[in-house]
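Comments concern the structure below.
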Amino acid sequence: EAQVTQNPRYLITVTGKKLTVTCSQNMNHEYMSWYRQDPGLGLRQIYYSMNVEVTDKGDVPEGYKVSRKEKRNFPLILESPSPNQTSLYFCASRGRGSPLSTDTQYFGPGTRLTVL
Amino acid sequence: KNEVEQSPQNLTAQEGEFITINCSYSVGISALHWLQQHPGGGIVSLFMLSSGKKKHGRLIATINIQEKHSSLHITASHPRDSAVYICAVRGETSGSRLTFGEGTQLTVNP
């Protein structure tokens with residue numbers, strides 16, 4: 001079954017304690033992205049990756065790091081989490097295709113992070 | 001002004017009604033996505049459009065590139081269609097970056 005998995009699904013942590021949210025896809029997709037969703041602000045892109053070792057900033061990259069050492073994995077790292085990073089996080093992937101292709105975005109189930 | 005604006009923000013309908021959700025954007029795009037977010041939070045991609053019209057079951061999505069406008073229609077709406085519908089655009093020069101609308105909360109009453 002084609003899917004994007006994220007772990008953990010729920011996390012409560014304290015300010016400054018480094019954490020990693022994992023994301024994995026089984027569709028051999030080139031593109032992977034991380035988003036955060038906040039009430040009143042909607043979804044915003046944090047980072048994206050176009051392939052292994054190729055990453056770029058989205059709209060809200062501050063306080064986050066990513067890496068893409070393997071095609072299937074795209075972890076999101078918070079080196080020193082702060083309360084303003086409390087949010088719902090989604091990972092997504094899609095195949096390369098052309099802009100005219102019908103490649104679908106597949107979303108992970110979400111990770112609800114609370115930073116105290 | 002946001003790059004992607006959706007209307008209405010909230011929509012309540014009776015079962016069976018025809019529903020339209022609108023999305024306007026201000027930049028040149030290479031693709032537009034319609035997403036559905038269930039009450040539990042999960043997000044499903046409904047359509048990706050770059051021109052014309054697509055149909056899947058009771059859902060129809062249209063896009064007018066010249067007018068920078070897209071619509072999502074739901075025919076014969078059902079309470080299980082209750083969800084947040086989100087429009088997102090991929091700019092012509094923004095690679096894989098997506099910009100999202102704030103979403104339309106749809107409630108379909110039996």
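Ordering of the structure tokens sets the chain letters (A, B, ...); residue numbers start at 1 within each chain; ligands are numbered from 1 in the order shown.
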
Near chain B, 10 Å: chain A residue rows, closest pairs, only C-alpha atoms, as a tab-separated table:
residue	atom	partner	partner_atom	distance
A:Tyr31	CA	B:Ser96	CA	7.4
A:Met32	CA	B:Ser96	CA	8.8
A:Ser33	CA	B:Ser96	CA	8.4
A:Tyr35	CA	B:Leu98	CA	9.6
A:Gln37	CA	B:Glu102	CA	9.9
A:Asp38	CA	B:Glu102	CA	9.9
A:Pro39	CA	B:Glu102	CA	9.1
A:Gly40	CA	B:Glu102	CA	7.2
A:Leu41	CA	B:Glu102	CA	6.5
A:Gly42	CA	B:Glu102	CA	4.8
A:Leu43	CA	B:Phe100	CA	6.0
A:Arg44	CA	B:Phe100	CA	6.9
A:Gln45	CA	B:Leu98	CA	6.8
A:Ile46	CA	B:Arg97	CA	9.4
A:Tyr47	CA	B:Arg97	CA	8.5
A:Tyr48	CA	B:Ser96	CA	7.1
A:Ser49	CA	B:Ser96	CA	8.1
A:Met50	CA	B:Ser96	CA	7.4
A:Asp56	CA	B:Arg97	CA	9.1
A:Lys57	CA	B:Arg97	CA	8.8
A:Gly58	CA	B:Arg97	CA	6.4
A:Asp59	CA	B:Arg97	CA	8.4
A:Leu88	CA	B:Gly41	CA	9.0
A:Phe90	CA	B:Ile43	CA	8.8
A:Ala92	CA	B:Ile43	CA	9.6
A:Arg94	CA	B:Ser96	CA	9.7
A:Arg96	CA	B:Ser96	CA	9.8
A:Ser98	CA	B:Ser30	CA	9.4
A:Pro99	CA	B:Ser30	CA	5.7
A:Leu100	CA	B:Ser50	CA	6.2
A:Ser101	CA	B:Met48	CA	8.4
A:Thr102	CA	B:Met48	CA	6.2
A:Asp103	CA	B:Met48	CA	7.4
A:Thr104	CA	B:Ser45	CA	6.4
A:Gln105	CA	B:Ser45	CA	5.9
A:Tyr106	CA	B:Ser45	CA	6.7
A:Phe107	CA	B:Ile43	CA	6.0
A:Gly108	CA	B:Gly42	CA	7.6
A:Pro109	CA	B:Gly42	CA	5.3
A:Gly110	CA	B:Gly42	CA	6.9
A:Thr111	CA	B:Gly41	CA	9.9
A:Arg112	CA	B:Gly41	CA	10.0

Saved selection, atoms kept: C-alpha atoms, as a tab-separated table (two decimals), in the first residue's frame:
chain	number	residue	atom	x	y	z
A	31	TYR	CA	9.83	15.16	-3.92
A	32	MET	CA	9.24	15.32	-0.19
A	33	SER	CA	8.08	18.22	1.95
A	35	TYR	CA	4.46	21.48	6.47
A	37	GLN	CA	-0.51	23.74	10.26
A	38	ASP	CA	-1.65	26.37	12.74
A	39	PRO	CA	-5.14	27.75	13.46
A	40	GLY	CA	-5.82	30.86	11.41
A	41	LEU	CA	-2.63	30.44	9.37
A	42	GLY	CA	-3.38	27.24	7.47
A	43	LEU	CA	-0.65	25.02	6.09
A	44	ARG	CA	2.79	26.47	5.54
A	45	GLN	CA	5.76	24.79	3.94
A	46	ILE	CA	8.86	24.42	6.13
A	47	TYR	CA	11.34	22.62	3.87
A	48	TYR	CA	11.22	20.54	0.75
A	49	SER	CA	13.52	18.15	-1.05
A	50	MET	CA	13.69	17.46	-4.75
A	56	ASP	CA	15.53	23.92	0.00
A	57	LYS	CA	13.73	26.26	2.37
A	58	GLY	CA	10.02	26.78	2.28
A	59	ASP	CA	8.16	29.70	3.78
A	88	LEU	CA	0.56	19.99	13.71
A	90	PHE	CA	2.67	16.96	8.01
A	92	ALA	CA	4.21	14.73	2.08
A	94	ARG	CA	5.02	13.11	-4.76
A	96	ARG	CA	8.74	13.77	-10.26
A	98	SER	CA	6.17	17.25	-15.24
A	99	PRO	CA	4.07	20.18	-14.07
A	100	LEU	CA	1.40	18.82	-16.39
A	101	SER	CA	1.44	15.35	-14.84
A	102	THR	CA	-1.22	14.00	-12.58
A	103	ASP	CA	1.19	13.13	-9.77
A	104	THR	CA	-0.65	13.19	-6.49
A	105	GLN	CA	0.64	14.56	-3.22
A	106	TYR	CA	0.55	11.90	-0.53
A	107	PHE	CA	0.39	13.17	3.03
A	108	GLY	CA	1.46	11.49	6.21
A	109	PRO	CA	-1.00	11.22	9.12
A	110	GLY	CA	0.45	14.21	10.96
A	111	THR	CA	2.48	14.73	14.13
A	112	ARG	CA	1.00	16.85	16.89

Who sits within 7 Å of range 14-22 of chain A, only C-alpha atoms, same chain under 4 positions skipped, as number ranges by chain: A: 6-8, 74-83, 115-116

For the selection you just gave me, I'd like the residues written to a file as a short mmCIF file (atom, residue, chain, number, x, y, z; two decimals), in the first residue's frame, keeping all heavy atoms.
data_model
loop_
_atom_site.label_atom_id
_atom_site.label_comp_id
_atom_site.auth_asym_id
_atom_site.auth_seq_id
_atom_site.Cartn_x
_atom_site.Cartn_y
_atom_site.Cartn_z
N GLN A 6 4.77 8.79 9.48
CA GLN A 6 5.44 9.76 10.34
C GLN A 6 5.48 9.20 11.75
O GLN A 6 4.52 8.59 12.20
CB GLN A 6 4.65 11.08 10.40
CG GLN A 6 4.63 11.89 9.17
CD GLN A 6 3.79 13.16 9.33
OE1 GLN A 6 2.94 13.44 8.49
NE2 GLN A 6 4.04 13.94 10.37
N ASN A 7 6.57 9.49 12.44
CA ASN A 7 6.66 9.13 13.85
C ASN A 7 7.48 10.16 14.60
O ASN A 7 8.47 10.68 14.07
CB ASN A 7 7.35 7.75 13.99
CG ASN A 7 6.40 6.63 13.69
OD1 ASN A 7 5.46 6.40 14.43
ND2 ASN A 7 6.62 5.96 12.57
N PRO A 8 7.05 10.49 15.84
CA PRO A 8 5.84 9.98 16.48
C PRO A 8 4.60 10.70 15.98
O PRO A 8 4.69 11.70 15.27
CB PRO A 8 6.10 10.30 17.95
CG PRO A 8 6.91 11.55 17.91
CD PRO A 8 7.80 11.42 16.69
N PHE A 74 12.92 11.46 5.11
CA PHE A 74 13.09 12.93 5.13
C PHE A 74 12.78 13.41 6.54
O PHE A 74 11.71 13.95 6.82
CB PHE A 74 12.16 13.56 4.10
CG PHE A 74 12.39 15.03 3.85
CD1 PHE A 74 13.67 15.55 3.71
CD2 PHE A 74 11.31 15.90 3.72
CE1 PHE A 74 13.88 16.90 3.46
CE2 PHE A 74 11.50 17.25 3.47
CZ PHE A 74 12.78 17.75 3.34
N PRO A 75 13.71 13.23 7.48
CA PRO A 75 13.44 13.62 8.86
C PRO A 75 13.45 15.13 9.07
O PRO A 75 14.20 15.86 8.40
CB PRO A 75 14.58 12.96 9.65
CG PRO A 75 15.68 12.81 8.64
CD PRO A 75 15.02 12.59 7.31
N LEU A 76 12.63 15.58 10.00
CA LEU A 76 12.56 16.98 10.41
C LEU A 76 13.19 17.08 11.80
O LEU A 76 12.78 16.38 12.72
CB LEU A 76 11.11 17.45 10.46
CG LEU A 76 10.87 18.90 10.87
CD1 LEU A 76 11.36 19.85 9.80
CD2 LEU A 76 9.39 19.14 11.17
N ILE A 77 14.17 17.96 11.92
CA ILE A 77 14.93 18.08 13.17
C ILE A 77 14.69 19.45 13.78
O ILE A 77 14.81 20.48 13.10
CB ILE A 77 16.44 17.89 12.88
CG1 ILE A 77 16.68 16.54 12.21
CG2 ILE A 77 17.25 18.02 14.16
CD1 ILE A 77 17.93 16.48 11.37
N LEU A 78 14.34 19.44 15.07
CA LEU A 78 14.24 20.68 15.83
C LEU A 78 15.38 20.65 16.84
O LEU A 78 15.34 19.91 17.82
CB LEU A 78 12.89 20.78 16.53
CG LEU A 78 11.68 21.13 15.64
CD1 LEU A 78 11.27 19.95 14.78
CD2 LEU A 78 10.52 21.61 16.49
N GLU A 79 16.42 21.43 16.58
CA GLU A 79 17.62 21.39 17.42
C GLU A 79 17.33 21.93 18.82
O GLU A 79 17.82 21.39 19.81
CB GLU A 79 18.73 22.23 16.78
CG GLU A 79 19.25 21.69 15.45
CD GLU A 79 20.42 20.73 15.63
OE1 GLU A 79 20.79 20.42 16.79
OE2 GLU A 79 20.97 20.28 14.62
N SER A 80 16.57 22.98 18.90
CA SER A 80 16.25 23.60 20.19
C SER A 80 14.80 24.09 20.14
O SER A 80 14.55 25.28 19.93
CB SER A 80 17.21 24.75 20.48
OG SER A 80 16.96 25.30 21.75
N PRO A 81 13.86 23.18 20.34
CA PRO A 81 12.45 23.55 20.18
C PRO A 81 12.02 24.67 21.11
O PRO A 81 12.51 24.77 22.25
CB PRO A 81 11.70 22.25 20.51
CG PRO A 81 12.71 21.17 20.37
CD PRO A 81 14.04 21.78 20.71
N SER A 82 11.10 25.48 20.62
CA SER A 82 10.53 26.56 21.43
C SER A 82 9.01 26.46 21.36
O SER A 82 8.46 25.82 20.45
CB SER A 82 10.99 27.92 20.92
OG SER A 82 10.53 28.12 19.59
N PRO A 83 8.32 27.08 22.32
CA PRO A 83 6.85 26.96 22.35
C PRO A 83 6.17 27.40 21.06
O PRO A 83 5.10 26.88 20.72
CB PRO A 83 6.47 27.86 23.53
CG PRO A 83 7.64 27.76 24.45
CD PRO A 83 8.84 27.72 23.55
N VAL A 115 5.35 21.97 22.62
CA VAL A 115 6.60 22.34 23.27
C VAL A 115 6.26 23.21 24.49
O VAL A 115 5.68 24.29 24.34
CB VAL A 115 7.54 23.10 22.32
CG1 VAL A 115 8.87 23.39 23.03
CG2 VAL A 115 7.79 22.31 21.05
N LEU A 116 6.61 22.73 25.67
CA LEU A 116 6.26 23.45 26.90
C LEU A 116 7.36 24.41 27.33
O LEU A 116 8.54 24.21 26.99
CB LEU A 116 5.99 22.44 28.02
CG LEU A 116 4.87 21.43 27.71
CD1 LEU A 116 4.79 20.39 28.81
CD2 LEU A 116 3.54 22.15 27.55
#

Sel. of strand (DSSP E) residues, chain A, as a ChimeraX atom specification: /A:4-7,10-13,19-25,31-38,42-51,54-57,65-66,76-78,87-94,106-107,111-115

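Going from CA of Val4 in chain B over to CA of Ser82 in chain B, you cover 21.8 Å.
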
Counting only C-alpha atoms, the option among B:Glu5, B:Phe18, B:Thr12, B:His56 closest to His73 in chain B: B:Phe18

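Across the structure, CA of Asn22 in chain B and CA of Arg36 in chain A are spaced 23.1 Å apart.
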